[in-house]
>>> print(open('upload29.csv').read())   # CSV, C-alpha atoms
chain,number,residue,atom,x,y,z
E,27,MET,CA,2.4,8.7,-1.0
E,28,ILE,CA,4.3,8.3,2.3
E,29,THR,CA,7.7,9.0,0.6
E,30,ARG,CA,6.2,11.9,-1.2
E,31,ALA,CA,4.9,13.3,2.1
E,32,LEU,CA,8.1,12.7,4.1
E,33,LYS,CA,10.2,14.4,1.4
E,34,GLY,CA,7.8,17.3,1.1
E,35,LEU,CA,7.0,16.9,-2.6
E,36,GLU,CA,3.2,17.5,-2.4
E,37,ASP,CA,3.5,20.9,-4.2
E,38,THR,CA,5.6,19.4,-7.0
E,39,ILE,CA,4.1,16.0,-7.7
E,40,SER,CA,0.3,15.8,-7.8
E,41,ILE,CA,-1.7,12.7,-7.0
E,42,THR,CA,-5.1,11.5,-8.2
E,43,VAL,CA,-6.4,8.5,-6.3
E,44,VAL,CA,-8.5,5.9,-8.1
E,45,LEU,CA,-11.7,4.5,-6.7
E,46,PRO,CA,-11.3,1.7,-4.3
E,47,VAL,CA,-13.7,-0.7,-5.9
E,48,TRP,CA,-12.9,-2.2,-9.3
E,49,LYS,CA,-15.3,-2.0,-12.2
E,50,LYS,CA,-15.3,-2.8,-15.9
E,51,THR,CA,-13.0,-0.5,-17.8
E,52,LYS,CA,-14.9,-1.0,-21.1
E,53,PRO,CA,-18.5,-1.1,-19.9
E,54,ASP,CA,-19.9,-0.5,-23.3
E,55,ASP,CA,-18.1,-3.6,-24.8
E,56,PRO,CA,-19.8,-6.8,-23.7
E,57,THR,CA,-16.9,-8.8,-25.2
E,58,ASP,CA,-14.2,-7.1,-23.0
E,59,PRO,CA,-14.1,-8.7,-19.6
E,60,HIS,CA,-11.4,-6.5,-18.0
E,61,SER,CA,-12.1,-5.0,-14.6
E,62,GLY,CA,-9.8,-2.7,-12.8
E,63,TRP,CA,-8.9,0.7,-11.4
E,64,VAL,CA,-11.2,3.6,-12.4
E,65,PHE,CA,-11.2,7.3,-11.7
E,66,ALA,CA,-14.0,9.0,-9.7
E,67,ASP,CA,-17.0,10.3,-11.6
E,68,PRO,CA,-19.0,12.8,-9.5
E,69,ASP,CA,-21.9,12.5,-11.9
E,70,GLY,CA,-21.8,8.7,-12.1
E,71,THR,CA,-24.2,6.1,-10.9
E,72,ALA,CA,-23.4,3.8,-8.0
E,73,TYR,CA,-22.4,0.3,-9.1
E,74,PRO,CA,-22.1,-3.3,-7.8
E,75,ASN,CA,-19.1,-5.5,-7.7
E,76,THR,CA,-17.8,-7.0,-10.9
E,77,GLN,CA,-20.2,-10.0,-10.5
E,78,GLY,CA,-23.2,-7.6,-10.2
E,79,LEU,CA,-23.5,-8.1,-6.5
E,80,GLY,CA,-22.8,-6.2,-3.3
E,81,GLY,CA,-22.8,-2.5,-2.9
E,82,PRO,CA,-23.8,-0.3,-4.6
E,83,PHE,CA,-20.6,1.6,-4.4
E,84,PRO,CA,-20.4,5.4,-5.0
E,85,THR,CA,-18.5,6.7,-8.0
E,86,SER,CA,-17.0,9.5,-6.0
E,87,TYR,CA,-15.6,9.9,-2.4
E,88,PRO,CA,-14.0,12.9,-0.7
E,89,ALA,CA,-10.6,11.4,-1.3
E,90,ASN,CA,-11.1,10.6,-5.0
E,91,GLU,CA,-11.3,13.0,-7.9
E,92,ALA,CA,-11.9,12.7,-11.6
E,93,GLU,CA,-8.7,12.4,-13.7
E,94,PRO,CA,-7.8,16.1,-14.2
E,95,PHE,CA,-5.7,16.2,-17.3
E,96,TYR,CA,-6.9,13.8,-20.0
E,97,SER,CA,-10.5,13.0,-19.0
E,98,ALA,CA,-9.4,9.4,-18.6
E,99,LYS,CA,-12.1,7.1,-17.1
E,100,SER,CA,-9.7,4.4,-16.0
E,101,ILE,CA,-6.0,3.6,-15.4
E,102,ARG,CA,-6.4,1.4,-18.5
E,103,ASP,CA,-7.0,4.6,-20.5
E,104,ILE,CA,-3.7,6.0,-19.4
E,105,TYR,CA,-1.8,2.9,-20.4
E,106,ASP,CA,-3.6,2.6,-23.7
E,107,ALA,CA,-2.9,6.3,-24.5
E,108,VAL,CA,0.9,5.7,-24.2
E,109,GLY,CA,0.7,2.3,-26.1
E,110,ASP,CA,1.6,0.2,-23.0
E,111,THR,CA,-0.8,-2.7,-23.4
E,112,ASN,CA,1.4,-5.7,-22.9
E,113,GLY,CA,1.1,-6.1,-19.1
E,114,LYS,CA,-1.4,-5.4,-16.4
E,115,TYR,CA,-3.0,-2.1,-15.8
E,116,THR,CA,-1.6,-1.6,-12.4
E,117,VAL,CA,-1.1,1.3,-9.9
E,118,PRO,CA,0.8,3.2,-8.7
E,119,VAL,CA,1.7,5.0,-11.9
E,120,LEU,CA,4.4,7.8,-11.9
E,121,TYR,CA,3.4,9.8,-15.0
E,122,ASP,CA,5.3,12.5,-16.8
E,123,LYS,CA,2.8,15.2,-17.8
E,124,LYS,CA,5.3,17.0,-20.0
E,125,LEU,CA,6.5,13.9,-22.0
E,126,LYS,CA,3.1,12.3,-21.6
E,127,THR,CA,4.5,8.9,-20.7
E,128,ILE,CA,4.5,6.4,-17.8
E,129,VAL,CA,7.9,6.7,-16.0
E,130,SER,CA,7.3,3.7,-13.8
E,131,ASN,CA,4.5,1.5,-12.3
E,132,GLU,CA,6.7,-0.3,-9.8
E,133,SER,CA,6.3,1.0,-6.3
E,134,ALA,CA,9.8,0.0,-5.1
E,135,GLU,CA,11.3,2.0,-8.0
E,136,ILE,CA,9.0,5.0,-7.5
E,137,ILE,CA,9.9,5.5,-3.9
E,138,GLU,CA,13.6,5.3,-4.7
E,139,MET,CA,13.0,8.0,-7.3
E,140,LEU,CA,11.0,10.2,-5.0
E,141,ASN,CA,13.8,9.9,-2.3
E,142,SER,CA,16.7,11.0,-4.5
E,143,GLU,CA,15.6,12.5,-7.9
E,144,PHE,CA,13.5,15.5,-6.8
E,145,ASN,CA,15.6,17.0,-4.0
E,146,GLU,CA,15.8,20.4,-5.7
E,147,PHE,CA,12.0,20.6,-5.3
E,148,ALA,CA,11.7,18.9,-2.0
E,149,LYS,CA,10.9,20.7,1.3
E,150,HIS,CA,13.1,18.1,3.1
E,151,PRO,CA,16.0,17.3,0.7
E,152,GLU,CA,18.2,16.5,3.6
E,153,LEU,CA,16.1,13.4,4.5
E,154,ASP,CA,17.7,10.3,2.9
E,155,LEU,CA,15.5,7.2,3.2
E,156,ASN,CA,17.9,5.2,1.2
E,157,PRO,CA,21.3,5.8,2.9
E,158,LYS,CA,24.3,4.1,1.3
E,159,GLY,CA,25.5,2.7,4.6
E,160,LEU,CA,22.4,0.7,5.0
E,161,HIS,CA,22.0,-0.7,1.5
E,162,GLU,CA,23.3,-4.1,2.4
E,163,GLU,CA,21.1,-4.4,5.5
E,164,MET,CA,18.0,-3.1,3.6
E,165,ALA,CA,18.6,-5.7,0.9
E,166,LYS,CA,19.0,-8.4,3.5
E,167,MET,CA,15.7,-7.5,5.1
E,168,ASN,CA,13.9,-7.2,1.8
E,169,GLU,CA,15.2,-10.5,0.7
E,170,PHE,CA,13.0,-12.3,3.2
E,171,ILE,CA,10.3,-9.6,3.8
E,172,TYR,CA,9.1,-9.3,0.2
E,173,PRO,CA,8.5,-12.9,-0.7
E,174,THR,CA,7.1,-14.0,2.7
E,175,ILE,CA,5.4,-10.9,4.0
E,176,ASN,CA,4.7,-8.3,1.3
E,177,ASN,CA,3.9,-10.9,-1.3
E,178,GLY,CA,3.4,-13.7,1.2
E,179,VAL,CA,-0.1,-12.4,2.2
E,180,TYR,CA,-1.1,-12.7,-1.4
E,181,ARG,CA,0.4,-16.2,-1.7
E,182,CYS,CA,-1.8,-17.1,1.2
E,183,GLY,CA,-5.0,-15.4,0.0
E,184,PHE,CA,-4.9,-16.5,-3.6
E,185,ALA,CA,-3.6,-20.0,-3.0
E,186,THR,CA,-5.6,-22.6,-4.9
E,187,SER,CA,-4.4,-25.7,-3.1
E,188,GLN,CA,-4.0,-26.6,0.6
E,189,GLN,CA,-0.3,-27.4,0.0
E,190,ALA,CA,0.4,-23.9,-1.5
E,191,TYR,CA,-1.4,-22.2,1.4
E,192,ASP,CA,0.4,-24.3,4.0
E,193,THR,CA,3.7,-23.4,2.5
E,194,ALA,CA,2.9,-19.7,2.3
E,195,ILE,CA,1.4,-19.4,5.8
E,196,GLY,CA,4.4,-21.3,7.3
E,197,GLU,CA,6.9,-18.9,5.7
E,198,LEU,CA,4.8,-15.9,6.6
E,199,THR,CA,4.5,-17.0,10.2
E,200,ALA,CA,8.2,-17.5,10.6
E,201,SER,CA,9.0,-14.2,9.0
E,202,PHE,CA,6.4,-12.4,11.2
E,203,ASP,CA,8.1,-13.8,14.3
E,204,ARG,CA,11.5,-12.8,12.9
E,205,ILE,CA,10.3,-9.2,12.4
E,206,GLU,CA,8.9,-9.1,15.9
E,207,GLU,CA,12.3,-10.3,17.3
E,208,ILE,CA,14.2,-7.7,15.2
E,209,LEU,CA,12.0,-4.8,16.3
E,210,THR,CA,12.1,-5.8,19.9
E,211,HIS,CA,15.8,-4.9,19.9
E,212,GLN,CA,16.1,-2.5,17.0
E,213,ARG,CA,14.1,0.7,16.4
E,214,TYR,CA,13.7,0.3,12.6
E,215,ILE,CA,13.8,-2.7,10.4
E,216,ALA,CA,17.3,-2.0,8.9
E,217,GLY,CA,18.9,-0.4,12.0
E,218,ASP,CA,18.5,2.8,13.9
E,219,THR,CA,17.5,4.9,10.9
E,220,LEU,CA,14.1,5.2,9.1
E,221,THR,CA,14.5,3.9,5.6
E,222,LEU,CA,12.5,2.9,2.5
E,223,ALA,CA,12.6,-0.7,3.9
E,224,ASP,CA,10.3,0.6,6.7
E,225,ILE,CA,7.9,2.1,4.3
E,226,ARG,CA,7.6,-1.1,2.3
E,227,LEU,CA,7.0,-3.1,5.5
E,228,PHE,CA,4.6,-0.5,7.1
E,229,VAL,CA,2.1,-0.6,4.3
E,230,THR,CA,1.7,-4.4,4.5
E,231,LEU,CA,1.6,-4.5,8.3
E,232,LEU,CA,-0.9,-1.6,8.4
E,233,ARG,CA,-3.4,-3.8,6.5
E,234,PHE,CA,-2.6,-7.0,8.3
E,235,ASP,CA,-5.3,-7.2,11.0
E,236,GLU,CA,-8.0,-5.4,9.2
E,237,VAL,CA,-7.7,-7.2,5.8
E,238,TYR,CA,-5.2,-10.1,5.6
E,239,VAL,CA,-6.0,-11.9,8.8
E,240,VAL,CA,-9.7,-12.1,7.7
E,241,TYR,CA,-9.5,-12.2,3.9
E,242,PHE,CA,-6.3,-13.9,3.1
E,243,LYS,CA,-6.3,-16.4,6.1
E,244,THR,CA,-3.1,-15.1,7.7
E,245,ASN,CA,-4.6,-15.7,11.1
E,246,THR,CA,-1.6,-17.4,12.7
E,247,ARG,CA,-0.4,-14.0,13.9
E,248,SER,CA,-1.7,-10.5,14.4
E,249,VAL,CA,-0.2,-7.0,14.8
E,250,ALA,CA,-2.5,-6.5,17.9
E,251,THR,CA,-0.8,-9.3,19.8
E,252,SER,CA,2.7,-8.5,18.7
E,253,PRO,CA,4.0,-5.7,21.0
E,254,ALA,CA,7.1,-4.7,19.1
E,255,ILE,CA,5.4,-4.6,15.7
E,256,LEU,CA,2.4,-2.7,17.1
E,257,ASN,CA,4.7,-0.1,18.8
E,258,TYR,CA,6.7,0.2,15.6
E,259,LEU,CA,3.6,0.8,13.5
E,260,ARG,CA,2.5,3.5,16.0
E,261,GLU,CA,5.7,5.4,15.6
E,262,LEU,CA,5.6,5.3,11.8
E,263,TYR,CA,1.9,6.2,11.6
E,264,GLN,CA,2.5,9.2,13.9
E,265,ILE,CA,5.4,10.7,11.9
E,266,ASP,CA,4.3,14.0,10.4
E,267,GLY,CA,2.7,13.4,7.0
E,268,VAL,CA,2.1,9.6,7.2
E,269,LYS,CA,-1.3,9.6,8.8
E,270,GLY,CA,-2.7,11.7,5.9
E,271,THR,CA,-1.7,8.9,3.4
E,272,VAL,CA,-3.8,6.3,5.2
E,273,ASN,CA,-7.4,5.7,4.4
E,274,MET,CA,-8.5,2.5,6.0
E,275,GLU,CA,-12.0,2.7,4.8
E,276,GLN,CA,-10.9,2.7,1.2
E,277,ILE,CA,-8.2,0.0,1.9
E,278,LYS,CA,-11.0,-2.3,3.2
E,279,LEU,CA,-13.4,-1.4,0.4
E,280,HIS,CA,-10.9,-2.3,-2.2
E,281,TYR,CA,-9.9,-5.7,-0.9
E,282,PHE,CA,-13.3,-6.9,0.2
E,283,ALA,CA,-15.3,-5.5,-2.8
E,284,SER,CA,-12.9,-6.0,-5.7
E,285,HIS,CA,-12.4,-9.7,-5.6
E,286,PRO,CA,-15.9,-11.2,-5.6
E,287,ASP,CA,-14.5,-14.7,-6.1
E,288,LEU,CA,-13.3,-14.4,-2.5
E,289,ASN,CA,-16.2,-12.4,-1.2
E,290,LYS,CA,-19.3,-12.9,-3.4
E,291,TYR,CA,-21.4,-10.2,-1.9
E,292,SER,CA,-18.6,-7.7,-1.0
E,293,ILE,CA,-19.5,-7.6,2.7
E,294,VAL,CA,-16.9,-5.4,4.5
E,295,PRO,CA,-16.1,-6.7,8.0
E,296,LYS,CA,-16.3,-4.3,10.9
E,297,GLY,CA,-12.7,-4.8,11.7
E,298,ALA,CA,-10.3,-4.5,14.7
E,299,ASN,CA,-10.1,-0.7,14.7
E,300,THR,CA,-6.4,-0.8,14.0
E,301,ILE,CA,-6.3,3.0,13.4
E,302,ALA,CA,-7.4,3.6,17.0
E,303,LYS,CA,-4.6,1.4,18.2
E,304,LEU,CA,-2.0,3.3,16.1
E,305,GLU,CA,-3.1,6.6,17.7
E,306,GLU,CA,-2.0,5.4,21.1
E,307,PRO,CA,1.4,6.6,22.4
E,308,HIS,CA,4.6,4.7,21.6
E,309,ASN,CA,8.1,4.5,23.2
E,310,ARG,CA,10.2,3.5,20.2
E,311,GLU,CA,12.8,6.1,21.0
E,312,SER,CA,13.9,3.9,23.9
E,313,VAL,CA,14.6,0.9,21.5
E,314,GLY,CA,18.2,0.5,20.2
E,315,SER,CA,21.1,2.8,20.5
E,316,ASN,CA,19.7,5.9,18.7
E,317,LYS,CA,17.9,8.8,20.4
E,318,LYS,CA,14.6,9.9,19.0
E,319,GLN,CA,15.1,10.9,15.4
E,320,LYS,CA,13.5,13.9,13.8
E,321,VAL,CA,12.7,12.7,10.3
E,322,VAL,CA,10.8,15.8,9.0
>>> encode(input="upload29.csv", output="structure tokens")
Amino acid sequence: MITRALKGLEDTISITVVLPVWKKTKPDDPTDPHSGWVFADPDGTAYPNTQGLGGPFPTSYPANEAEPFYSAKSIRDIYDAVGDTNGKYTVPVLYDKKLKTIVSNESAEIIEMLNSEFNEFAKHPELDLNPKGLHEEMAKMNEFIYPTINNGVYRCGFATSQQAYDTAIGELTASFDRIEEILTHQRYIAGDTLTLADIRLFVTLLRFDEVYVVYFKTNTRSVATSPAILNYLRELYQIDGVKGTVNMEQIKLHYFASHPDLNKYSIVPKGANTIAKLEEPHNRESVGSNKKQKVV
């Protein structure tokens, strides 16, 4: 959604946002245990979490709509319709309405496509978030950020042994400190230019204090006490188009209500009001060698 907004593809590529709280995708089949992403149902009945506790959660929010093309009730229905039933029913999904097929369900691939493959329709085709000159540095950053930060929070949160957690939190803490050091001297994670590497990092750090510190036990560090990271997030959040892609209420609802094995009654913590912190001024244009960059 961030890449789509920065490139100006809102009028070309539509988006339907699924409900934040998982529910059973085959509710009429007691033998089918699958729970996952479902579309809004304005006429539906509020529902509890998948263990029948917590909530009840609405079947429609202002940010969520019913699936507009095929009357699908769930993301699973979309996968089943195209015969893709071998893996998990995950989002995001980039769907071709003409060929009626799933193009990709891998976020890293989708943002690369949105950056380069739709320029003839983009309002900002000149914006390149995947510049060739930074490919090597972006790959270098992703090599440690993905396993220890993006995926590292999940390795902490879903660890089933103390040893696994200790390993994951140790690696995450070291990488968090490395990012803080990089961003103290460098405006963006791969240099002086905003790239897809920043988008991949932003979406994890955005959730860090509100969700992961509490829910996934990543409490050795926080964004709020990391000056460079906090300032960096402020700049990215305040870029035209980015703020509109962030819905912290639904982010929190999803995490705290969709995994009742971690949070039986789906109680959503009050939180650290990260969004208010991101609204405050930043001075990232003074970091590094580049003057303030107009990205849209």
>>> closest_residue(input="upload29.csv", among="E:Asp192, E:Asp235, E:Glu162, E:Glu93", to="Ala216 of chain E", atoms="all atoms listed in the file")
E:Glu162
>>> closest_residue(input="upload29.csv", among="E:Ser100, E:Gly297, E:Ala200, E:Phe95", to="Lys124 of chain E", atoms="all atoms listed in the file")
E:Phe95
>>> closest_atom_pairs(input="upload29.csv", of="segment 281-322 of chain E", to="segment 184-190 of chain E", cutoff="12 Å", atoms="all atoms listed in the file", output="tab-separated table")
residue	atom	partner	partner_atom	distance
E:His285	CA	E:Phe184	CA	10.3
E:Asp287	CA	E:Phe184	CA	10.1
E:Leu288	CA	E:Phe184	CA	8.7
>>> closest_residue(input="upload29.csv", among="E:Ala298, E:Val237, E:Val229, E:His150", to="Ser133 of chain E", atoms="only C-alpha atoms")
E:Val229
>>> residues_around(input="upload29.csv", residues="Ala194 of chain E", least_positions_apart="6", cutoff="10 Å", atoms="all atoms listed in the file", output="ChimeraX atom specification")
/E:173-175,177-183,185,188,244
>>> residues_around(input="upload29.csv", residues="Thr251 of chain E", least_positions_apart="2", cutoff="12 Å", atoms="only C-alpha atoms", output="list in words")
Phe202, Asp203, Glu206, Phe234, Asp235, Asn245, Thr246, Arg247, Ser248, Val249, Pro253, Ala254, Ile255, Leu256, Asn257, Ala298, Thr300 and Lys303 of chain E
>>> closest_residue(input="upload29.csv", among="E:Arg213, E:Arg102, E:His161, E:His280", to="Trp48 of chain E", atoms="all atoms listed in the file")
E:His280
>>> closest_residue(input="upload29.csv", among="E:Lys278, E:Arg310, E:Lys296, E:His60", to="Leu262 of chain E", atoms="all atoms listed in the file")
E:Arg310
>>> residues_near_point(input="upload29.csv", point="(-11.3, 12.9, -13.6)", cutoff="10 Å", atoms="only C-alpha atoms", output="ChimeraX atom specification")
/E:42-44,64-68,90-100
>>> closest_residue(input="upload29.csv", among="E:Ile171, E:Leu32, E:Val47, E:Asp54", to="Tyr73 of chain E", atoms="all atoms listed in the file")
E:Val47
>>> residues_near_point(input="upload29.csv", point="(-21.7, 7.4, -6.6)", cutoff="7 Å", atoms="only C-alpha atoms", output="list in words")
Pro68, Gly70, Thr71, Ala72, Phe83, Pro84, Thr85 and Ser86 of chain E
>>> atom_distance(input="upload29.csv", atom1="atom CA of Ser252 of chain E", atom2="atom CA of Val313 of chain E")
15.4 Å
>>> residues_around(input="upload29.csv", residues="Glu306 of chain E", least_positions_apart="5", cutoff="10 Å", atoms="all atoms listed in the file", output="MDAnalysis selection string")
chainID E and resid 257 260:261 264 301
